[in-house]
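K.L.:
Handing you a structure now.
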Amino acid sequence: MRVVRTTLREIRVRPTVADRRKGHLLVGRAVIPCALGACGIVSGKREGDGGSPRGRFRLRGGAYRPDHLPVRPRTALPLRALRPDDGWCDDRRDRRYNRPMRLPAPGVSAEAMWRGDGLYDVVLDIDYNRAPIRPGRGSAIFMHVAREGYRPTEGCVALARADLIRLLRRLGPRTHLRIG
């Protein structure tokens, strides 16, 4: 008998008691360890503050590194293959702030999405500061692969690569992520 799993409506992140930079992602009754921003969960998110934003956000979709994951991970979310020139604008003075862009972009501060450290082997766009986009309120807030030891992020939620790939199977356009 084949088990059919529906997409989740909501997944939640709670900080750990011992270290606010680490958390637990609650998926039904499962508890998955995760990394949070260096300042933990914050209510008044600002660009560069190192906090993960408190709130409820939908997952807009994402991308994966096709040279590291030759098979597209299974998910109901829109997911595309990253390209070496993919970037994300974090320059609050630029009209492309908190949006994907092509690199290089001379004179514009942007994050490279094609990373050598594997953090963006799978990366999901958390719908933070996206409609409307407010310059300076934080950009590039993602769910992505965690560093070894779940070291803090710059404001994202990060999981072990295997956990993130497994979780993707249960995520869809109606799934929300509640942080805090």
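In the structure tokens, the first chain shown is A, the next is B, and so on; residue numbers restart at 1 for each chain, and ligands run from 1 in the order shown.
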Write out as a list in words which residues come within 7 Å of Arg65 of chain A when counting only C-alpha atoms, dropping same-chain ones fewer than 5 positions away.

P.N.:
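The contact residues come out as Ala81, Leu82, Asp121 and Val122 of chain A.
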
K.L.:
Give me the residues near Asp49 of chain A as a PyMOL selection string, where near means some atom within 10 Å (using only C-alpha atoms) and where sequence neighbours in that chain fewer than 4 positions away do not count.

P.N.:
chain A and resi 37-39+42+44-45+137-138+154-155

K.L.:
Keeping only C-alpha atoms, take the residues you just selected and write them out as a compact mmCIF listing (two decimals), in the first residue's frame.

P.N.:
# COMPACT_ATOMS: atom_id res chain seq x y z
CA GLY A 37 20.33 34.21 13.00
CA ALA A 38 23.22 35.20 15.24
CA CYS A 39 20.85 37.47 17.24
CA VAL A 42 13.77 39.45 16.28
CA GLY A 44 11.92 44.59 14.25
CA LYS A 45 14.16 43.09 11.56
CA ARG A 137 14.04 45.95 6.53
CA GLY A 138 16.12 42.89 5.60
CA GLU A 154 22.74 36.07 9.06
CA GLY A 155 18.98 35.83 9.63

K.L.:
Nearest to Ala160 of chain A among A:Pro33, A:Gly23, A:Gly50, A:Gly107, with distances taken over only C-alpha atoms: which residue is it?

P.N.:
A:Pro33

K.L.:
Give the strand (DSSP E) residues of segment 62-109 of chain A, as assigned by DSSP on the backbone, as a PyMOL selection string.

P.N.:
chain A and resi 62-64+79-81+86-89+100-102

K.L.:
Need the shell around segment 125-129 of chain A: protein/DNA/RNA residues with any atom at most 7 Å away, counting only C-alpha atoms. Skip same-chain ones fewer than 6 positions apart. Format as JSON, numbers by chain?

P.N.:
{"A": [57, 58, 59, 60, 61, 62, 137, 138, 141, 142, 143]}

K.L.:
In Å, with one decimal, what is the gap from atom CA of Asp67 of chain A to atom CA of Val123 of chain A?

P.N.:
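Here the two named atoms are 14.4 Å from each other.
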
K.L.:
I need the residues of chain A that end up classed as alpha helix (DSSP H) by DSSP on the backbone, written out as a ChimeraX atom specification.

P.N.:
/A:161-168

K.L.:
Dump C-alpha atoms for the selected residues as a PDB file, in the first residue's frame?

P.N.:
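This went into again00.pdb:
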ATOM      1  CA  ARG A 161      21.017  19.116   3.947  1.00  0.00           C
ATOM      2  CA  ALA A 162      19.392  15.674   4.293  1.00  0.00           C
ATOM      3  CA  ASP A 163      16.640  17.103   6.537  1.00  0.00           C
ATOM      4  CA  LEU A 164      15.937  19.944   4.102  1.00  0.00           C
ATOM      5  CA  ILE A 165      15.715  17.623   1.099  1.00  0.00           C
ATOM      6  CA  ARG A 166      13.412  15.271   3.021  1.00  0.00           C
ATOM      7  CA  LEU A 167      11.262  18.213   4.182  1.00  0.00           C
ATOM      8  CA  LEU A 168      10.881  19.527   0.622  1.00  0.00           C
TER       9      LEU A 168
END

K.L.:
What is the atom CA of Ile11 of chain A to atom CA of Arg56 of chain A distance in Å?

P.N.:
9.5 Å

K.L.:
Kindly give the distance, in Å, that separates atom CA of Arg102 of chain A and atom CA of Gly116 of chain A, rounded to a single decimal.

P.N.:
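So the two atoms, atom CA of Arg102 of chain A and atom CA of Gly116 of chain A, lie 17.4 Å apart.
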
K.L.:
Would you give me, as JSON lines, each residue of segment 22-124 of chain A having an atom within 10 Å of an atom of segment 147-150 of chain A, along with its shortest atom pair and that distance in Å to one decimal, using only C-alpha atoms and sorting by chain and residue number?

P.N.:
{"residue": "A:Lys22", "atom": "CA", "partner": "A:Tyr150", "partner_atom": "CA", "distance": 7.0}
{"residue": "A:Gly23", "atom": "CA", "partner": "A:Tyr150", "partner_atom": "CA", "distance": 9.3}
{"residue": "A:Pro33", "atom": "CA", "partner": "A:Tyr150", "partner_atom": "CA", "distance": 8.1}
{"residue": "A:Cys34", "atom": "CA", "partner": "A:Tyr150", "partner_atom": "CA", "distance": 6.4}
{"residue": "A:Ala35", "atom": "CA", "partner": "A:Tyr150", "partner_atom": "CA", "distance": 4.9}
{"residue": "A:Leu36", "atom": "CA", "partner": "A:Tyr150", "partner_atom": "CA", "distance": 8.3}
{"residue": "A:Asp117", "atom": "CA", "partner": "A:Arg147", "partner_atom": "CA", "distance": 8.5}
{"residue": "A:Gly118", "atom": "CA", "partner": "A:Arg147", "partner_atom": "CA", "distance": 8.6}
{"residue": "A:Leu119", "atom": "CA", "partner": "A:Arg147", "partner_atom": "CA", "distance": 6.9}

K.L.:
Write to file, as a compact mmCIF listing (two decimals), in the first residue's frame, the residues of the selection just made, with N, CA and C atoms.

P.N.:
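Writing the result to result08.txt gives the following:
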# COMPACT_ATOMS: atom_id res chain seq x y z
N LYS A 22 20.08 28.83 17.91
CA LYS A 22 19.69 27.50 17.42
C LYS A 22 18.21 27.30 17.70
N GLY A 23 17.60 26.44 16.92
CA GLY A 23 16.18 26.22 17.11
C GLY A 23 15.76 24.82 16.76
N PRO A 33 16.43 19.82 14.19
CA PRO A 33 17.30 20.91 14.62
C PRO A 33 17.57 21.89 13.48
N CYS A 34 17.73 23.16 13.83
CA CYS A 34 18.02 24.18 12.82
C CYS A 34 18.88 25.28 13.42
N ALA A 35 19.48 26.05 12.53
CA ALA A 35 20.24 27.23 12.94
C ALA A 35 19.39 28.45 12.65
N LEU A 36 19.56 29.47 13.48
CA LEU A 36 18.86 30.74 13.32
C LEU A 36 19.90 31.85 13.19
N ASP A 117 30.46 26.91 -0.51
CA ASP A 117 30.36 26.24 0.79
C ASP A 117 29.17 25.30 0.92
N GLY A 118 28.32 25.21 -0.10
CA GLY A 118 27.19 24.28 -0.07
C GLY A 118 25.96 24.77 0.65
N LEU A 119 25.99 25.96 1.23
CA LEU A 119 24.83 26.44 1.99
C LEU A 119 23.60 26.62 1.10

K.L.:
So which one's closest to Arg46 of chain A, A:Ala63, A:Leu77, A:Ala140, A:Ala158? Using only C-alpha atoms, please.

P.N.:
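Among the listed residues, A:Ala140 lies closest to Arg46 of chain A.
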
K.L.:
I'd like the contact shell of Pro15 of chain A - 9 Å cut-off, only C-alpha atoms, skipping same-chain residues fewer than 2 positions apart - returned as a list in words.

P.N.:
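My list of contacting residues is Val13, Val17, Ala18, Asp19, Arg20, Arg21, Lys22, Gly23, His24, Leu25, Cys34, Ala35, Leu36, Gly40, Ile41, Ile179 and Gly180 of chain A.
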